[in-house]
2 protein chains.
Amino acid sequence: MTNSKTTALKLSIKTGDPRPIFKQVVDGIGMAIAVGELAEGDKLPSVRALAMRLSINPNTVAKAYNELTSMGLVDSRQGLGLFVSVPKQLLSNNERKKRLQQAIERCLGDVMHLNYSDEEILKAFREELEGLRKVPKVG
Amino acid sequence: MTNSKTTALKLSIKTGDPRPIFKQVVDGIGMAIAVGELAEGDKLPSVRALAMRLSINPNTVAKAYNELTSMGLVDSRQGLGLFVSVPKQLLSNNERKKRLQQAIERCLGDVMHLNYSDEEILKAFREELEGLRKVPKVG
DNA sequence: GTACTGTACTATTAAAAATAGTACAGATGA
DNA sequence: TCATCTGTACTATTTTTAATAGTACAGTAC
């Protein structure tokens, strides 16, 4: 017996998005987990079900699911499916810090051209972060 | 007569970087302009010279230069070269805001898995931003 | 003139992403 | 047991993007 309810997952693929499809899936589910829309133990849609819902190839979903598993965000149970895992930490502190900095650098690289002041950028960042944290689990 | 001195531009292509080469060039030069390493009126290396220096194809540099021109960061002068342009604003406020938010969302999406607290993330972001602004023009 | 600039092409190769189809072992419930 | 679901692992093919290679042209400078 496990938590077999497949949580409603709002996820869509945008054709205009520069990211490849499998990356959109990874990011979408990863974000849902991060903000608590998907809670520990929740079951993800099956590879084939999600592929059908998103009108994409099952292999593409499988690729995304493999990456999520590698990231330690979900656990695979043989024959059962994928489940949101207990938070774990499989990255070294150095690696975590490196990724944090790289993400921020990339963000700033994309933003610096836009002629916003430091204060405006910081404000937008803080608000976005708070907004994410506020999103509660779906009831 | 124009400002014909080609400013020393520290720029390198990293094979491990997930970004395509032309994007690394765009980002690198864009950032150099943003932080003031490249000042208004400075001349960029020629397409062919930069291509040779980076050991990449001139077309790849040309592609990056075209994007920088489209972004309004540099101006092309027929037969002369590319020059860092006066700051202009060819994006609507809506478009600017949209891009700011998208960049931040993407950043947070990459960061939320790392188990950092909001405070730690904000601190890292603020420090990175301040660090960039502090970089002075090369003397 | 010669030697630079950016730009615009065509063609080709290389790499990444996505699709299509098949197969297999474990789990579940009838 | 049987049918059906699960993730996973393949191979093959197509599509898309990036990168390379080569040529050409108009404008600028000396």
# chains A, B, ... in the order shown; residues from 1 in each chain; ligands from 1

$ interface_residues --of "chain D" --to "chain B" --cutoff "9 Å" --atoms "only C-alpha atoms (C1' of nucleotides)" --output "ChimeraX atom specification"
/D:18-21,26-29

$ residues_around --residues "DT23 in chain D" --least-positions-apart "6" --cutoff "12 Å" --atoms "only C-alpha atoms (C1' of nucleotides)" --output "ChimeraX atom specification"
/C:8-11

$ interface_residues --of "chain C" --to "chain A" --cutoff "9 Å" --atoms "only C-alpha atoms (C1' of nucleotides)" --output "ChimeraX atom specification"
/C:17-20,25-28

$ calpha_fit_and_write --fixed "chain A" --moving "chain B" --output "PDB file with C-alpha atoms, in the first residue's frame"
ATOM      1  CA  MET B   1      -0.127  -0.047  -0.103  1.00  0.00           C
ATOM      2  CA  THR B   2       1.162   3.340  -0.914  1.00  0.00           C
ATOM      3  CA  ASN B   3      -0.129   6.792  -1.516  1.00  0.00           C
ATOM      4  CA  SER B   4      -1.716   5.970  -4.807  1.00  0.00           C
ATOM      5  CA  LYS B   5      -3.667   9.136  -5.443  1.00  0.00           C
ATOM      6  CA  THR B   6      -2.197  10.925  -8.395  1.00  0.00           C
ATOM      7  CA  THR B   7      -2.188  14.572  -7.495  1.00  0.00           C
ATOM      8  CA  ALA B   8      -3.707  16.954  -9.974  1.00  0.00           C
ATOM      9  CA  LEU B   9      -0.763  18.477 -11.757  1.00  0.00           C
ATOM     10  CA  LYS B  10      -1.243  21.626 -13.701  1.00  0.00           C
ATOM     11  CA  LEU B  11       1.396  21.484 -16.346  1.00  0.00           C
ATOM     12  CA  SER B  12       1.392  22.614 -19.918  1.00  0.00           C
ATOM     13  CA  ILE B  13       3.833  22.703 -22.795  1.00  0.00           C
ATOM     14  CA  LYS B  14       4.262  26.020 -24.502  1.00  0.00           C
ATOM     15  CA  THR B  15       5.405  25.884 -28.099  1.00  0.00           C
ATOM     16  CA  GLY B  16       6.789  29.400 -27.884  1.00  0.00           C
ATOM     17  CA  ASP B  17       9.025  28.412 -25.002  1.00  0.00           C
ATOM     18  CA  PRO B  18      12.702  28.285 -25.986  1.00  0.00           C
ATOM     19  CA  ARG B  19      13.264  25.375 -23.635  1.00  0.00           C
ATOM     20  CA  PRO B  20      12.991  21.846 -25.009  1.00  0.00           C
ATOM     21  CA  ILE B  21       9.867  19.959 -24.035  1.00  0.00           C
ATOM     22  CA  PHE B  22      11.498  17.580 -21.598  1.00  0.00           C
ATOM     23  CA  LYS B  23      13.044  20.549 -19.802  1.00  0.00           C
ATOM     24  CA  GLN B  24       9.697  22.242 -19.466  1.00  0.00           C
ATOM     25  CA  VAL B  25       8.380  19.095 -17.834  1.00  0.00           C
ATOM     26  CA  VAL B  26      11.347  18.880 -15.466  1.00  0.00           C
ATOM     27  CA  ASP B  27      11.066  22.532 -14.522  1.00  0.00           C
ATOM     28  CA  GLY B  28       7.312  22.423 -14.152  1.00  0.00           C
ATOM     29  CA  ILE B  29       7.298  19.427 -11.849  1.00  0.00           C
ATOM     30  CA  GLY B  30      10.376  20.605 -10.011  1.00  0.00           C
ATOM     31  CA  MET B  31       8.709  23.906  -9.294  1.00  0.00           C
ATOM     32  CA  ALA B  32       5.482  22.231  -8.228  1.00  0.00           C
ATOM     33  CA  ILE B  33       7.477  20.241  -5.714  1.00  0.00           C
ATOM     34  CA  ALA B  34       9.430  23.267  -4.566  1.00  0.00           C
ATOM     35  CA  VAL B  35       6.361  25.317  -3.806  1.00  0.00           C
ATOM     36  CA  GLY B  36       4.485  22.450  -2.224  1.00  0.00           C
ATOM     37  CA  GLU B  37       1.879  21.878  -4.899  1.00  0.00           C
ATOM     38  CA  LEU B  38       3.237  18.380  -4.916  1.00  0.00           C
ATOM     39  CA  ALA B  39       3.871  17.032  -1.459  1.00  0.00           C
ATOM     40  CA  GLU B  40       6.109  14.255  -0.274  1.00  0.00           C
ATOM     41  CA  GLY B  41       4.677  10.892  -1.236  1.00  0.00           C
ATOM     42  CA  ASP B  42       2.436  12.211  -3.985  1.00  0.00           C
ATOM     43  CA  LYS B  43       2.353  10.099  -7.096  1.00  0.00           C
ATOM     44  CA  LEU B  44       3.208  11.558 -10.452  1.00  0.00           C
ATOM     45  CA  PRO B  45       1.122  10.805 -13.526  1.00  0.00           C
ATOM     46  CA  SER B  46       2.363   7.752 -15.383  1.00  0.00           C
ATOM     47  CA  VAL B  47       4.764   8.269 -18.248  1.00  0.00           C
ATOM     48  CA  ARG B  48       2.134   7.263 -20.757  1.00  0.00           C
ATOM     49  CA  ALA B  49      -0.711   9.190 -19.160  1.00  0.00           C
ATOM     50  CA  LEU B  50       1.228  12.443 -18.971  1.00  0.00           C
ATOM     51  CA  ALA B  51       2.482  11.969 -22.499  1.00  0.00           C
ATOM     52  CA  MET B  52      -1.059  11.595 -23.723  1.00  0.00           C
ATOM     53  CA  ARG B  53      -2.281  14.564 -21.725  1.00  0.00           C
ATOM     54  CA  LEU B  54       0.476  16.801 -23.058  1.00  0.00           C
ATOM     55  CA  SER B  55       0.298  15.314 -26.541  1.00  0.00           C
ATOM     56  CA  ILE B  56       3.986  14.449 -26.521  1.00  0.00           C
ATOM     57  CA  ASN B  57       5.981  11.276 -26.844  1.00  0.00           C
ATOM     58  CA  PRO B  58       6.191   8.950 -23.827  1.00  0.00           C
ATOM     59  CA  ASN B  59       9.955   8.833 -24.283  1.00  0.00           C
ATOM     60  CA  THR B  60      10.084  12.560 -23.738  1.00  0.00           C
ATOM     61  CA  VAL B  61       8.245  12.218 -20.451  1.00  0.00           C
ATOM     62  CA  ALA B  62      10.473   9.316 -19.489  1.00  0.00           C
ATOM     63  CA  LYS B  63      13.503  11.476 -20.145  1.00  0.00           C
ATOM     64  CA  ALA B  64      12.118  14.176 -17.874  1.00  0.00           C
ATOM     65  CA  TYR B  65      11.274  11.619 -15.195  1.00  0.00           C
ATOM     66  CA  ASN B  66      14.774  10.218 -15.341  1.00  0.00           C
ATOM     67  CA  GLU B  67      16.201  13.655 -14.789  1.00  0.00           C
ATOM     68  CA  LEU B  68      13.869  14.305 -11.871  1.00  0.00           C
ATOM     69  CA  THR B  69      14.990  11.003 -10.387  1.00  0.00           C
ATOM     70  CA  SER B  70      18.629  11.918 -10.875  1.00  0.00           C
ATOM     71  CA  MET B  71      17.958  15.205  -9.140  1.00  0.00           C
ATOM     72  CA  GLY B  72      16.584  13.296  -6.193  1.00  0.00           C
ATOM     73  CA  LEU B  73      13.225  15.021  -6.354  1.00  0.00           C
ATOM     74  CA  VAL B  74      11.299  11.828  -6.947  1.00  0.00           C
ATOM     75  CA  ASP B  75      11.745   8.148  -6.202  1.00  0.00           C
ATOM     76  CA  SER B  76      10.891   5.328  -8.519  1.00  0.00           C
ATOM     77  CA  ARG B  77       9.131   2.285  -7.161  1.00  0.00           C
ATOM     78  CA  GLN B  78       9.297  -0.711  -9.417  1.00  0.00           C
ATOM     79  CA  GLY B  79       6.018  -1.282 -11.167  1.00  0.00           C
ATOM     80  CA  LEU B  80       4.280   1.385  -9.122  1.00  0.00           C
ATOM     81  CA  GLY B  81       5.345   4.727 -10.439  1.00  0.00           C
ATOM     82  CA  LEU B  82       7.185   7.861  -9.391  1.00  0.00           C
ATOM     83  CA  PHE B  83       6.623   9.472  -6.044  1.00  0.00           C
ATOM     84  CA  VAL B  84       7.740  12.782  -4.676  1.00  0.00           C
ATOM     85  CA  SER B  85      10.643  11.872  -2.458  1.00  0.00           C
ATOM     86  CA  VAL B  86      11.616  12.953   0.976  1.00  0.00           C
ATOM     87  CA  PRO B  87      13.900  15.961   0.655  1.00  0.00           C
ATOM     88  CA  LYS B  88      17.401  14.721   0.279  1.00  0.00           C
ATOM     89  CA  GLN B  89      20.718  16.284  -0.380  1.00  0.00           C
ATOM     90  CA  LEU B  90      22.838  14.452  -2.888  1.00  0.00           C
ATOM     91  CA  LEU B  91      24.897  17.480  -3.871  1.00  0.00           C
ATOM     92  CA  SER B  92      27.951  18.664  -2.027  1.00  0.00           C
ATOM     93  CA  ASN B  93      27.801  22.073  -0.454  1.00  0.00           C
ATOM     94  CA  ASN B  94      30.319  23.244  -2.987  1.00  0.00           C
ATOM     95  CA  GLU B  95      28.199  21.991  -5.830  1.00  0.00           C
ATOM     96  CA  ARG B  96      25.090  23.578  -4.383  1.00  0.00           C
ATOM     97  CA  LYS B  97      26.807  26.905  -3.990  1.00  0.00           C
ATOM     98  CA  LYS B  98      28.215  26.689  -7.470  1.00  0.00           C
ATOM     99  CA  ARG B  99      24.800  26.070  -8.966  1.00  0.00           C
ATOM    100  CA  LEU B 100      23.242  28.850  -6.960  1.00  0.00           C
ATOM    101  CA  GLN B 101      25.832  31.299  -8.193  1.00  0.00           C
ATOM    102  CA  GLN B 102      25.578  30.133 -11.790  1.00  0.00           C
ATOM    103  CA  ALA B 103      21.810  30.483 -11.786  1.00  0.00           C
ATOM    104  CA  ILE B 104      22.079  33.985 -10.361  1.00  0.00           C
ATOM    105  CA  GLU B 105      24.810  34.989 -12.783  1.00  0.00           C
ATOM    106  CA  ARG B 106      22.757  33.799 -15.683  1.00  0.00           C
ATOM    107  CA  CYS B 107      19.733  35.656 -14.441  1.00  0.00           C
ATOM    108  CA  LEU B 108      21.686  38.862 -14.007  1.00  0.00           C
ATOM    109  CA  GLY B 109      23.199  38.421 -17.432  1.00  0.00           C
ATOM    110  CA  ASP B 110      19.716  38.357 -18.892  1.00  0.00           C
ATOM    111  CA  VAL B 111      18.570  41.291 -16.838  1.00  0.00           C
ATOM    112  CA  MET B 112      21.413  43.785 -16.816  1.00  0.00           C
ATOM    113  CA  HIS B 113      20.543  45.095 -20.293  1.00  0.00           C
ATOM    114  CA  LEU B 114      17.082  46.078 -19.222  1.00  0.00           C
ATOM    115  CA  ASN B 115      18.104  49.290 -17.506  1.00  0.00           C
ATOM    116  CA  TYR B 116      16.603  48.499 -14.170  1.00  0.00           C
ATOM    117  CA  SER B 117      18.172  49.824 -11.014  1.00  0.00           C
ATOM    118  CA  ASP B 118      19.614  47.425  -8.474  1.00  0.00           C
ATOM    119  CA  GLU B 119      16.736  48.248  -6.184  1.00  0.00           C
ATOM    120  CA  GLU B 120      14.143  47.419  -8.793  1.00  0.00           C
ATOM    121  CA  ILE B 121      15.824  44.137  -9.637  1.00  0.00           C
ATOM    122  CA  LEU B 122      16.127  43.172  -6.002  1.00  0.00           C
ATOM    123  CA  LYS B 123      12.542  44.097  -5.333  1.00  0.00           C
ATOM    124  CA  ALA B 124      11.292  42.023  -8.235  1.00  0.00           C
ATOM    125  CA  PHE B 125      13.415  39.103  -7.117  1.00  0.00           C
ATOM    126  CA  ARG B 126      12.248  39.304  -3.526  1.00  0.00           C
ATOM    127  CA  GLU B 127       8.620  39.526  -4.531  1.00  0.00           C
ATOM    128  CA  GLU B 128       8.872  36.588  -6.894  1.00  0.00           C
ATOM    129  CA  LEU B 129      10.533  34.511  -4.205  1.00  0.00           C
ATOM    130  CA  GLU B 130       7.958  35.411  -1.588  1.00  0.00           C
ATOM    131  CA  GLY B 131       5.184  34.767  -4.058  1.00  0.00           C
ATOM    132  CA  LEU B 132       6.441  31.252  -4.632  1.00  0.00           C
ATOM    133  CA  ARG B 133       6.774  30.438  -0.967  1.00  0.00           C
ATOM    134  CA  LYS B 134       3.257  31.620  -0.308  1.00  0.00           C
ATOM    135  CA  VAL B 135       1.657  29.211  -2.737  1.00  0.00           C
ATOM    136  CA  PRO B 136       0.097  26.590  -0.475  1.00  0.00           C
ATOM    137  CA  LYS B 137      -0.573  22.972  -1.187  1.00  0.00           C
ATOM    138  CA  VAL B 138      -3.668  22.486  -3.226  1.00  0.00           C
ATOM    139  CA  GLY B 139      -6.445  21.402  -0.928  1.00  0.00           C
TER     140      GLY B 139
END

$ select_by_dssp --residues "range 12-85 of chain A" --states "alpha helix (DSSP H)" --output "JSON, numbers by chain"
{"A": [21, 22, 23, 24, 25, 26, 27, 28, 29, 30, 31, 32, 33, 34, 35, 47, 48, 49, 50, 51, 52, 53, 54, 58, 59, 60, 61, 62, 63, 64, 65, 66, 67, 68, 69, 70]}

$ atom_distance --atom1 "C1' of DT16 in chain D" --atom2 "C1' of DA16 in chain C"
8.3 Å

$ select_by_dssp --residues "chain B" --states "strand (DSSP E)" --output "VMD selection string"
chain B and resid 74 to 77 81 to 84

$ residues_around --residues "DT22 in chain C" --least-positions-apart "3" --cutoff "12 Å" --atoms "only C-alpha atoms (C1' of nucleotides)" --output "mmCIF file with N, CA and C atoms (P, O5', C5', C4', C3', O3' and C1' of nucleotides), in the first residue's frame"
data_model
loop_
_atom_site.group_PDB
_atom_site.id
_atom_site.type_symbol
_atom_site.label_atom_id
_atom_site.label_comp_id
_atom_site.auth_asym_id
_atom_site.auth_seq_id
_atom_site.Cartn_x
_atom_site.Cartn_y
_atom_site.Cartn_z
ATOM 1 P P DA D 9 17.046 2.578 -17.282
ATOM 2 O "O5'" DA D 9 17.110 1.676 -18.596
ATOM 3 C "C5'" DA D 9 16.925 0.267 -18.475
ATOM 4 C "C4'" DA D 9 16.960 -0.361 -19.857
ATOM 5 C "C3'" DA D 9 17.935 0.346 -20.807
ATOM 6 O "O3'" DA D 9 18.761 -0.601 -21.453
ATOM 7 C "C1'" DA D 9 15.782 0.189 -21.780
ATOM 8 P P DC D 10 20.220 -0.151 -21.947
ATOM 9 O "O5'" DC D 10 20.228 -0.574 -23.469
ATOM 10 C "C5'" DC D 10 19.656 0.295 -24.435
ATOM 11 C "C4'" DC D 10 18.754 -0.487 -25.362
ATOM 12 C "C3'" DC D 10 18.835 -0.022 -26.802
ATOM 13 O "O3'" DC D 10 19.846 -0.780 -27.460
ATOM 14 C "C1'" DC D 10 16.550 -0.280 -26.119
ATOM 15 P P DT D 11 20.803 -0.081 -28.548
ATOM 16 O "O5'" DT D 11 19.936 -0.156 -29.886
ATOM 17 C "C5'" DT D 11 19.227 -1.347 -30.205
ATOM 18 C "C4'" DT D 11 18.270 -1.053 -31.352
ATOM 19 C "C3'" DT D 11 18.896 -0.162 -32.430
ATOM 20 O "O3'" DT D 11 18.785 -0.757 -33.717
ATOM 21 C "C1'" DT D 11 16.839 0.763 -31.684
ATOM 22 P P DA D 12 19.538 -0.076 -34.973
ATOM 23 O "O5'" DA D 12 18.400 0.843 -35.595
ATOM 24 C "C5'" DA D 12 17.089 0.336 -35.756
ATOM 25 C "C4'" DA D 12 16.161 1.443 -36.239
ATOM 26 C "C3'" DA D 12 16.832 2.420 -37.207
ATOM 27 O "O3'" DA D 12 16.093 2.477 -38.423
ATOM 28 C "C1'" DA D 12 15.708 3.586 -35.475
#
